[in-house]
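Visitor: Sharing model_20.txt, compact mmCIF, C-alpha atoms and all ligand atoms:
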```txt
# COMPACT_ATOMS: atom_id res chain seq x y z
CA MET R 1 -48.80 11.59 -9.48
CA TYR R 2 -45.73 12.39 -7.43
CA ILE R 3 -43.61 10.50 -4.94
CA GLY R 4 -42.58 12.05 -1.64
CA ILE R 5 -39.81 10.52 0.46
CA ASP R 6 -39.39 11.32 4.15
CA LEU R 7 -35.89 10.24 5.12
CA GLY R 8 -35.70 9.84 8.90
CA GLY R 9 -33.15 8.53 11.36
CA THR R 10 -35.30 5.44 12.06
CA ASN R 11 -37.38 4.91 8.90
CA ILE R 12 -37.47 5.89 5.27
CA ALA R 13 -41.12 6.58 4.42
CA ALA R 14 -42.35 7.15 0.89
CA GLY R 15 -45.76 7.72 -0.61
CA ILE R 16 -47.73 8.42 -3.73
CA VAL R 17 -49.25 11.90 -3.71
CA ASP R 18 -51.75 13.20 -6.24
CA ASP R 19 -51.81 16.60 -7.93
CA ASP R 20 -53.79 18.17 -5.06
CA GLY R 21 -51.50 16.92 -2.31
CA ARG R 22 -53.56 13.92 -1.24
CA LEU R 23 -51.53 11.00 0.09
CA ILE R 24 -52.77 7.96 -1.83
CA PHE R 25 -50.52 5.23 -0.49
CA SER R 26 -47.41 5.02 1.66
CA ASP R 27 -44.99 2.52 3.10
CA SER R 28 -41.74 2.57 5.03
CA ILE R 29 -38.56 0.60 5.59
CA PRO R 30 -35.83 0.90 8.24
CA THR R 31 -33.13 3.47 7.46
CA LEU R 32 -30.26 1.54 9.09
CA LYS R 33 -28.59 4.92 9.34
CA GLU R 34 -25.06 3.70 10.03
CA ARG R 35 -24.73 2.75 6.35
CA GLY R 36 -23.24 4.97 3.68
CA TYR R 37 -25.63 7.23 1.77
CA GLU R 38 -25.23 5.16 -1.41
CA GLU R 39 -26.85 2.12 0.22
CA ILE R 40 -29.59 4.22 1.81
CA VAL R 41 -30.37 5.83 -1.57
CA LYS R 42 -30.47 2.41 -3.26
CA ASP R 43 -33.17 1.38 -0.76
CA MET R 44 -35.00 4.67 -1.39
CA ALA R 45 -35.12 3.77 -5.11
CA SER R 46 -36.57 0.30 -4.38
CA LEU R 47 -39.11 1.82 -1.99
CA CYS R 48 -40.23 4.31 -4.69
CA GLU R 49 -40.87 1.46 -7.11
CA LYS R 50 -42.67 -0.53 -4.42
CA VAL R 51 -45.05 2.29 -3.40
CA ALA R 52 -45.75 3.12 -7.05
CA CYS R 53 -46.64 -0.50 -7.77
CA GLU R 54 -48.65 -1.11 -4.59
CA GLY R 55 -50.28 2.31 -4.87
CA GLY R 56 -51.62 1.28 -8.28
CA CYS R 57 -49.37 3.35 -10.56
CA LYS R 58 -46.58 2.76 -13.02
CA MET R 59 -43.30 4.63 -12.65
CA SER R 60 -44.24 6.30 -15.97
CA ASP R 61 -47.25 7.89 -14.17
CA ILE R 62 -44.87 9.67 -11.75
CA LYS R 63 -43.95 13.22 -12.76
CA ALA R 64 -41.38 14.04 -10.07
CA ILE R 65 -39.89 12.82 -6.80
CA GLY R 66 -39.34 14.96 -3.72
CA ILE R 67 -37.08 14.12 -0.80
CA GLY R 68 -37.17 15.52 2.73
CA SER R 69 -33.93 14.89 4.62
CA PRO R 70 -32.58 15.91 8.00
CA GLY R 71 -29.67 18.31 8.03
CA THR R 72 -28.42 21.27 6.02
CA ILE R 73 -29.51 20.92 2.41
CA ASP R 74 -28.18 22.51 -0.74
CA ASN R 75 -31.41 22.52 -2.71
CA SER R 76 -29.87 23.89 -5.92
CA ARG R 77 -27.21 21.15 -6.07
CA GLY R 78 -29.46 18.39 -4.69
CA MET R 79 -27.10 17.63 -1.82
CA VAL R 80 -27.18 16.92 1.88
CA VAL R 81 -24.36 19.24 2.94
CA TYR R 82 -24.31 17.96 6.49
CA SER R 83 -26.54 15.78 8.64
CA ASN R 84 -25.75 14.82 12.20
CA ASN R 85 -28.69 12.41 12.48
CA ILE R 86 -27.91 10.27 9.43
CA LYS R 87 -24.17 10.59 8.92
CA MET R 88 -23.96 12.47 5.62
CA HIS R 89 -21.46 15.05 4.50
CA ASN R 90 -21.68 16.54 1.00
CA ALA R 91 -23.81 13.60 -0.13
CA PRO R 92 -25.21 14.10 -3.69
CA VAL R 93 -28.49 12.34 -2.83
CA VAL R 94 -30.45 13.54 -5.87
CA ALA R 95 -27.76 12.52 -8.40
CA GLU R 96 -27.41 9.16 -6.68
CA LEU R 97 -31.19 8.49 -6.78
CA GLN R 98 -31.30 9.56 -10.44
CA LYS R 99 -28.89 6.69 -11.21
CA TYR R 100 -31.87 4.40 -10.52
CA ILE R 101 -34.85 6.55 -11.50
CA ASP R 102 -34.78 9.04 -14.34
CA LEU R 103 -37.21 11.70 -13.11
CA PRO R 104 -37.06 15.36 -12.00
CA MET R 105 -36.24 15.51 -8.29
CA ASN R 106 -36.03 18.01 -5.48
CA ILE R 107 -34.57 17.81 -1.98
CA GLU R 108 -35.55 19.88 1.06
CA ASN R 109 -34.74 19.92 4.74
CA ASP R 110 -37.26 17.56 6.38
CA ALA R 111 -38.81 20.25 8.59
CA ASN R 112 -39.17 22.56 5.58
CA ALA R 113 -40.83 19.71 3.66
CA ALA R 114 -43.27 19.07 6.52
CA ALA R 115 -44.00 22.80 6.70
CA TYR R 116 -44.73 22.85 2.98
CA GLY R 117 -47.05 19.84 3.38
CA GLU R 118 -49.09 21.59 6.06
CA TYR R 119 -49.08 24.75 3.95
CA ILE R 120 -50.60 22.86 1.01
CA VAL R 121 -53.30 21.39 3.29
CA TYR R 122 -54.17 24.74 4.88
CA GLY R 123 -54.53 26.51 1.56
CA GLU R 124 -52.07 27.85 -0.93
CA GLY R 125 -53.66 31.27 -0.81
CA VAL R 126 -52.04 32.13 2.52
CA ASP R 127 -49.19 34.58 1.89
CA SER R 128 -47.24 33.88 5.08
CA PHE R 129 -47.16 30.61 6.95
CA VAL R 130 -45.06 29.15 9.77
CA PHE R 131 -44.93 25.54 10.92
CA VAL R 132 -43.44 24.58 14.28
CA THR R 133 -42.97 20.92 15.10
CA LEU R 134 -42.57 19.70 18.68
CA GLY R 135 -40.98 16.28 18.43
CA THR R 136 -37.63 14.76 19.36
CA GLY R 137 -36.37 18.25 18.60
CA VAL R 138 -38.11 21.51 17.74
CA GLY R 139 -38.13 22.10 14.01
CA GLY R 140 -40.07 24.24 11.66
CA GLY R 141 -40.37 25.98 8.39
CA VAL R 142 -41.38 29.33 7.01
CA ILE R 143 -43.34 29.73 3.76
CA ILE R 144 -43.48 33.23 2.34
CA GLY R 145 -45.33 34.08 -0.88
CA GLY R 146 -45.80 30.37 -1.57
CA LYS R 147 -42.09 29.61 -1.36
CA ILE R 148 -40.06 27.82 1.29
CA TYR R 149 -37.79 30.37 2.98
CA ARG R 150 -34.34 28.76 3.19
CA GLY R 151 -32.08 31.75 3.91
CA PHE R 152 -29.36 32.71 1.41
CA ASN R 153 -27.37 29.55 2.15
CA GLY R 154 -30.14 26.96 2.65
CA ALA R 155 -29.68 26.78 6.42
CA GLY R 156 -32.51 29.16 7.32
CA ALA R 157 -35.61 28.90 9.52
CA GLU R 158 -34.14 26.78 12.34
CA LEU R 159 -36.87 27.95 14.70
CA GLY R 160 -35.87 25.51 17.46
CA HIS R 161 -32.47 27.11 17.84
CA SER R 162 -33.58 30.56 18.92
CA SER R 163 -32.69 30.82 22.59
CA ILE R 164 -35.27 31.47 25.27
CA VAL R 165 -32.91 31.16 28.30
CA ILE R 166 -29.58 33.01 28.36
CA ASP R 167 -26.81 30.60 29.48
CA GLY R 168 -29.46 27.89 29.70
CA LYS R 169 -29.15 24.20 28.88
CA LYS R 170 -26.49 23.26 26.36
CA CYS R 171 -28.03 22.36 23.01
CA THR R 172 -26.78 19.82 20.45
CA CYS R 173 -26.10 22.77 18.11
CA GLY R 174 -23.45 24.12 20.49
CA LYS R 175 -25.42 27.10 21.79
CA ARG R 176 -27.09 27.34 25.19
CA GLY R 177 -30.73 27.88 26.05
CA CYS R 178 -32.27 26.93 22.67
CA LEU R 179 -36.06 26.57 22.49
CA GLU R 180 -35.47 22.91 21.53
CA MET R 181 -33.93 22.22 24.96
CA TYR R 182 -37.17 23.28 26.68
CA ALA R 183 -40.05 22.75 24.24
CA SER R 184 -39.25 19.43 22.51
CA VAL R 185 -40.93 16.18 23.58
CA THR R 186 -37.45 15.08 24.71
CA ALA R 187 -37.36 18.10 27.05
CA LEU R 188 -40.90 17.43 28.30
CA ILE R 189 -39.91 13.84 29.14
CA GLU R 190 -36.89 15.15 31.07
CA GLN R 191 -39.05 17.73 32.92
CA THR R 192 -41.57 14.98 33.77
CA LYS R 193 -38.88 12.60 35.08
CA GLU R 194 -37.37 15.29 37.32
CA ALA R 195 -40.74 16.33 38.76
CA ALA R 196 -41.88 12.73 39.35
CA ALA R 197 -38.62 11.92 41.17
CA ALA R 198 -38.92 15.03 43.34
CA HIS R 199 -42.59 14.26 44.21
CA PRO R 200 -42.99 10.59 45.18
CA GLU R 201 -46.68 11.28 45.99
CA SER R 202 -47.41 12.29 42.38
CA ILE R 203 -49.55 9.79 40.43
CA MET R 204 -47.11 10.30 37.56
CA ASN R 205 -44.92 7.72 39.33
CA LYS R 206 -47.73 5.15 39.10
CA TRP R 207 -48.38 6.09 35.45
CA ILE R 208 -44.70 5.59 34.65
CA ALA R 209 -44.62 2.20 36.42
CA ASP R 210 -47.84 1.06 34.66
CA ASN R 211 -46.62 2.16 31.22
CA GLY R 212 -43.02 1.07 31.68
CA LYS R 213 -41.63 4.48 30.65
CA VAL R 214 -42.10 8.24 30.74
CA SER R 215 -43.59 9.72 27.57
CA GLY R 216 -44.77 13.07 26.32
CA ARG R 217 -48.28 12.03 27.42
CA THR R 218 -47.44 11.36 31.09
CA ALA R 219 -47.84 14.89 32.42
CA PHE R 220 -50.83 15.71 30.17
CA GLU R 221 -52.76 12.59 31.22
CA CYS R 222 -51.96 12.87 34.94
CA ALA R 223 -52.85 16.58 34.85
CA LYS R 224 -56.31 15.61 33.53
CA ALA R 225 -56.65 13.34 36.59
CA GLY R 226 -55.92 16.37 38.79
CA ASP R 227 -52.35 15.57 39.90
CA GLU R 228 -50.80 18.84 41.11
CA THR R 229 -47.23 17.98 40.09
CA ALA R 230 -48.41 16.98 36.61
CA VAL R 231 -50.41 20.22 36.31
CA ALA R 232 -47.27 22.18 37.19
CA VAL R 233 -45.11 20.27 34.64
CA LYS R 234 -47.70 20.74 31.91
CA LYS R 235 -48.09 24.45 32.69
CA GLN R 236 -44.33 25.10 32.69
CA TYR R 237 -43.82 23.12 29.45
CA ILE R 238 -46.62 25.00 27.69
CA ARG R 239 -45.09 28.26 28.89
CA TYR R 240 -41.77 27.35 27.20
CA VAL R 241 -43.57 26.48 23.95
CA ALA R 242 -45.69 29.65 24.13
CA GLU R 243 -42.63 31.82 24.78
CA GLY R 244 -40.99 30.44 21.62
CA ILE R 245 -44.12 30.79 19.51
CA SER R 246 -44.70 34.32 20.78
CA ASN R 247 -41.19 35.26 19.55
CA ILE R 248 -41.90 33.70 16.15
CA VAL R 249 -45.24 35.52 15.84
CA ASN R 250 -43.63 38.85 16.75
CA ILE R 251 -40.92 38.37 14.12
CA PHE R 252 -43.05 37.13 11.22
CA GLN R 253 -46.69 38.02 12.00
CA PRO R 254 -47.63 35.07 9.76
CA ARG R 255 -51.22 34.72 8.58
CA THR R 256 -51.21 31.15 9.90
CA LEU R 257 -48.97 29.31 12.35
CA VAL R 258 -49.41 25.54 12.64
CA ILE R 259 -48.10 23.42 15.51
CA GLY R 260 -47.21 19.81 14.71
CA GLY R 261 -45.18 16.91 16.09
CA GLY R 262 -46.21 14.15 18.48
CA ILE R 263 -47.33 16.48 21.26
CA SER R 264 -49.77 18.31 18.96
CA LYS R 265 -52.11 15.31 19.39
CA GLU R 266 -53.04 16.97 22.72
CA GLY R 267 -55.08 19.39 20.58
CA ASP R 268 -56.83 22.18 22.44
CA GLU R 269 -55.23 21.20 25.78
CA LEU R 270 -52.02 22.48 24.21
CA LEU R 271 -53.30 25.08 21.79
CA ALA R 272 -55.71 27.10 23.96
CA PRO R 273 -53.15 28.21 26.61
CA ILE R 274 -50.55 28.89 23.90
CA ARG R 275 -53.03 31.06 22.02
CA GLU R 276 -53.87 32.96 25.19
CA PHE R 277 -50.19 33.68 25.98
CA VAL R 278 -49.28 34.57 22.39
CA TYR R 279 -52.21 36.98 21.97
CA GLU R 280 -51.57 38.59 25.37
CA ASN R 281 -47.92 39.15 24.47
CA ASP R 282 -48.43 40.09 20.84
CA TYR R 283 -46.63 43.28 19.85
CA ASN R 284 -49.42 43.74 17.35
CA LYS R 285 -52.32 45.16 19.35
CA TYR R 286 -54.47 46.64 16.59
CA MET R 287 -54.12 44.55 13.43
CA PRO R 288 -55.65 41.14 12.71
CA LYS R 289 -54.02 38.31 14.67
CA THR R 290 -52.10 35.26 13.45
CA GLU R 291 -54.31 32.19 13.26
CA LEU R 292 -52.89 29.41 15.45
CA LYS R 293 -53.79 25.83 14.50
CA ILE R 294 -52.88 22.22 15.16
CA ALA R 295 -51.29 20.28 12.27
CA ARG R 296 -53.54 18.06 10.21
CA LEU R 297 -51.14 15.79 8.38
CA LEU R 298 -48.94 14.60 11.28
CA ASN R 299 -46.73 11.80 9.94
CA GLY R 300 -47.81 12.35 6.34
CA ALA R 301 -46.67 15.98 6.25
CA GLY R 302 -43.08 15.16 5.27
CA ILE R 303 -44.15 12.94 2.36
CA VAL R 304 -46.83 15.30 1.03
CA GLY R 305 -44.58 18.36 1.44
CA ALA R 306 -41.60 16.74 -0.27
CA ALA R 307 -43.81 15.62 -3.17
CA MET R 308 -45.52 19.00 -3.57
CA ALA R 309 -42.20 20.88 -3.33
CA ALA R 310 -40.95 18.69 -6.19
CA LYS R 311 -44.12 19.44 -8.15
CA ASN R 312 -43.85 23.20 -7.61
CA LYS R 313 -40.08 23.50 -7.88
CA SER R 314 -39.12 26.70 -9.59
ZN ZN T 401 -29.64 24.76 19.50
```
Hey, can you dump this file as structure tokens for me?
Guide:
Amino acid sequence: MYIGIDLGGTNIAAGIVDDDGRLIFSDSIPTLKERGYEEIVKDMASLCEKVACEGGCKMSDIKAIGIGSPGTIDNSRGMVVYSNNIKMHNAPVVAELQKYIDLPMNIENDANAAAYGEYIVYGEGVDSFVFVTLGTGVGGGVIIGGKIYRGFNGAGAELGHSSIVIDGKKCTCGKRGCLEMYASVTALIEQTKEAAAAHPESIMNKWIADNGKVSGRTAFECAKAGDETAVAVKKQYIRYVAEGISNIVNIFQPRTLVIGGGISKEGDELLAPIREFVYENDYNKYMPKTELKIARLLNGAGIVGAAMAAKNKS
């Protein structure tokens, strides 16, 4: 058995994962991210013991612990070099956790961990694999030859920060026009708000009033009901996502590309038009095409991936 920890800005989730990458049991606690990393890590240690116990194992059954954390990670030194989300700078998270639990550990960027989780689920035989997550931001990971591609410095594969609009919207990373500013759920919510305000006749306004807020589902649901403004928002949003994924496919030509994050729950409503655009604009006209799929693990991907990366650490 292994433990995977998914350290997020809101919650710390941890779970017991078996040898084949099956999530046996998981639980979560609030991160309270304003605290220092030492206190957060102390809670991570207690959570590990809790999930082991409630998941029906002893800590002596656990072979390794994997951590997925936001930010730039130094995997070889077990450190969070920098995280904007949870305030950490050169935080030796692995060494700190090993003060409480004496086990082999591994730390990855959270998007890389989630990518690795989906990779395990979709078959380890695949030689090239890309995961793109459409959530609060746009994240992702690249797995080549069974290994997480981190770049020479650990900061690699930030798929959400390739730009799709020159001099476009200013991104949190400092650059303008990043894919994240157009294809994240945050961006979709912004696009929906703007369109609803500009079109008082749109039923999206009623949806928003009934639900008390705009969400990533607003445009998709109102489009299903035939609302023209919602159809236009959905179409434009999918175009942004497809443009980004088309770039990724042309760079990597991965065997499989999986789309995850909250919006991936839309399933084929999202995937079919993306597939059409990506295949139409594929540089590769004559060779087999990248398989495009919706993520399977959703919230469990970070836990499973962190655990399996710890298992397979080399
Ligand atoms: Zn950016």
Visitor: If we draw a sphere of 7 Å around (-31.3, 22.8, 18.1), which residues have at least one atom in it when counting all atoms listed in the file? Please report them as an MDAnalysis selection string.
Guide: chainID R and resid 137:138 160:161 171:173 178 180
Visitor: Given the choices R:Lys213, R:Glu118, R:Thr218, R:Ala230, which gets closest to Ala195 (chain R) if the distance is worked out from all atoms listed in the file?
Guide: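 Closest to Ala195 (chain R), using all atoms listed in the file: R:Ala230.
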Visitor: Would you mind reading off the distance between CA of Asp74 (chain R) and CA of Ala310 (chain R), one decimal, in Å?
Guide: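 Straight-line distance from CA of Asp74 (chain R) to CA of Ala310 (chain R) works out to 14.4 Å.
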Visitor: Find the residues near Glu190 (chain R): any atom within 10 Å, counting only C-alpha atoms, skip ones fewer than 5 places away on the same chain, and give them as a list of chain:residue names.
Guide: R:Met181, R:Tyr182, R:Ser184, R:Val185, R:Ala195, R:Ala196, R:Val214, R:Ser215, R:Gly216
Visitor: Of the residues R:Gln236, R:Ser162, R:Ser128, R:Thr10, which is the one nearest to ligand ZN 401 (chain T), using only C-alpha atoms and all ligand atoms?
Guide: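 Smallest distance to ligand ZN 401 (chain T) is found for R:Ser162.
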Visitor: Of the residues R:Ala225, R:Ala197, R:Ile148, R:Ala187, which is the one nearest to Asn312 (chain R), using only C-alpha atoms?
Guide: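 Closest candidate: R:Ile148.
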Visitor: Could you state the separation of CA of Ala307 (chain R) and CA of Arg77 (chain R) in Å, given to one decimal place?
Guide: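 Rounded to one decimal, the two atoms are 17.7 Å apart.
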Visitor: Which residues are close to Ile245 (chain R), i.e. within 12 Å by only C-alpha atoms, leaving aside same-chain residues fewer than 2 positions away? Reply as a compact mmCIF listing (two decimals) with C-alpha atoms, in the frame of the given file.
Guide:
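To be explicit, this is the file written out as selection-v9.txt:
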```txt
# COMPACT_ATOMS: atom_id res chain seq x y z
CA VAL R 130 -45.06 29.15 9.77
CA PHE R 131 -44.93 25.54 10.92
CA VAL R 132 -43.44 24.58 14.28
CA THR R 133 -42.97 20.92 15.10
CA LEU R 134 -42.57 19.70 18.68
CA VAL R 138 -38.11 21.51 17.74
CA GLY R 139 -38.13 22.10 14.01
CA GLY R 140 -40.07 24.24 11.66
CA LEU R 159 -36.87 27.95 14.70
CA GLY R 160 -35.87 25.51 17.46
CA SER R 162 -33.58 30.56 18.92
CA SER R 163 -32.69 30.82 22.59
CA ILE R 164 -35.27 31.47 25.27
CA LEU R 179 -36.06 26.57 22.49
CA GLU R 180 -35.47 22.91 21.53
CA ALA R 183 -40.05 22.75 24.24
CA ILE R 238 -46.62 25.00 27.69
CA ARG R 239 -45.09 28.26 28.89
CA TYR R 240 -41.77 27.35 27.20
CA VAL R 241 -43.57 26.48 23.95
CA ALA R 242 -45.69 29.65 24.13
CA GLU R 243 -42.63 31.82 24.78
CA ASN R 247 -41.19 35.26 19.55
CA ILE R 248 -41.90 33.70 16.15
CA VAL R 249 -45.24 35.52 15.84
CA ASN R 250 -43.63 38.85 16.75
CA ILE R 251 -40.92 38.37 14.12
CA PHE R 252 -43.05 37.13 11.22
CA GLN R 253 -46.69 38.02 12.00
CA PRO R 254 -47.63 35.07 9.76
CA THR R 256 -51.21 31.15 9.90
CA LEU R 257 -48.97 29.31 12.35
CA VAL R 258 -49.41 25.54 12.64
CA ILE R 259 -48.10 23.42 15.51
CA LEU R 271 -53.30 25.08 21.79
CA PRO R 273 -53.15 28.21 26.61
CA ILE R 274 -50.55 28.89 23.90
CA ARG R 275 -53.03 31.06 22.02
CA GLU R 276 -53.87 32.96 25.19
CA PHE R 277 -50.19 33.68 25.98
CA VAL R 278 -49.28 34.57 22.39
CA TYR R 279 -52.21 36.98 21.97
CA ASN R 281 -47.92 39.15 24.47
CA ASP R 282 -48.43 40.09 20.84
CA THR R 290 -52.10 35.26 13.45
CA LEU R 292 -52.89 29.41 15.45
CA LYS R 293 -53.79 25.83 14.50
```
Visitor: Measuring atom to atom with all atoms listed in the file, identify which of R:Gly300, R:Gly135, R:Gly68, R:Gly141 is nearest to Val80 (chain R).
Guide: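 Closest to Val80 (chain R), using all atoms listed in the file: R:Gly68.
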Visitor: What is the distance between CA of Glu194 (chain R) and CA of Asp268 (chain R), in Å to one decimal?
Guide: 25.4 Å
Visitor: Identify, on the basis of only C-alpha atoms, every residue whose closest approach to region 36-38 of chain R does not exceed 9 Å; exclude the query and any residue fewer than 6 positions from it along the same chain; express the result as a list in words.
Guide: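 Selected residues are Ile86, Lys87, Met88, Ala91, Pro92, Val93, Glu96 and Leu97 of chain R.
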Visitor: Name all residues at most 7 Å from Asn90 (chain R) (count all atoms listed in the file; drop same-chain ones fewer than 3 positions away) and give them as a PyMOL selection string.
Guide: chain R and resi 79-82
Visitor: Find, counting only C-alpha atoms, the residue in R:Gly305, R:Gly267, R:Gly151, R:Gly244 that gets nearest to Asn106 (chain R).
Guide: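 Closest candidate: R:Gly305.
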Visitor: What's around region 41-49 of chain R at 12 Å? Count all atoms listed in the file, leave out sequence neighbours fewer than 4 positions away in its own chain, and write the answer as a PyMOL selection string.
Guide: chain R and resi 2-8+11-17+25-33+35-37+53-62+64-69+88+91-103+303+307
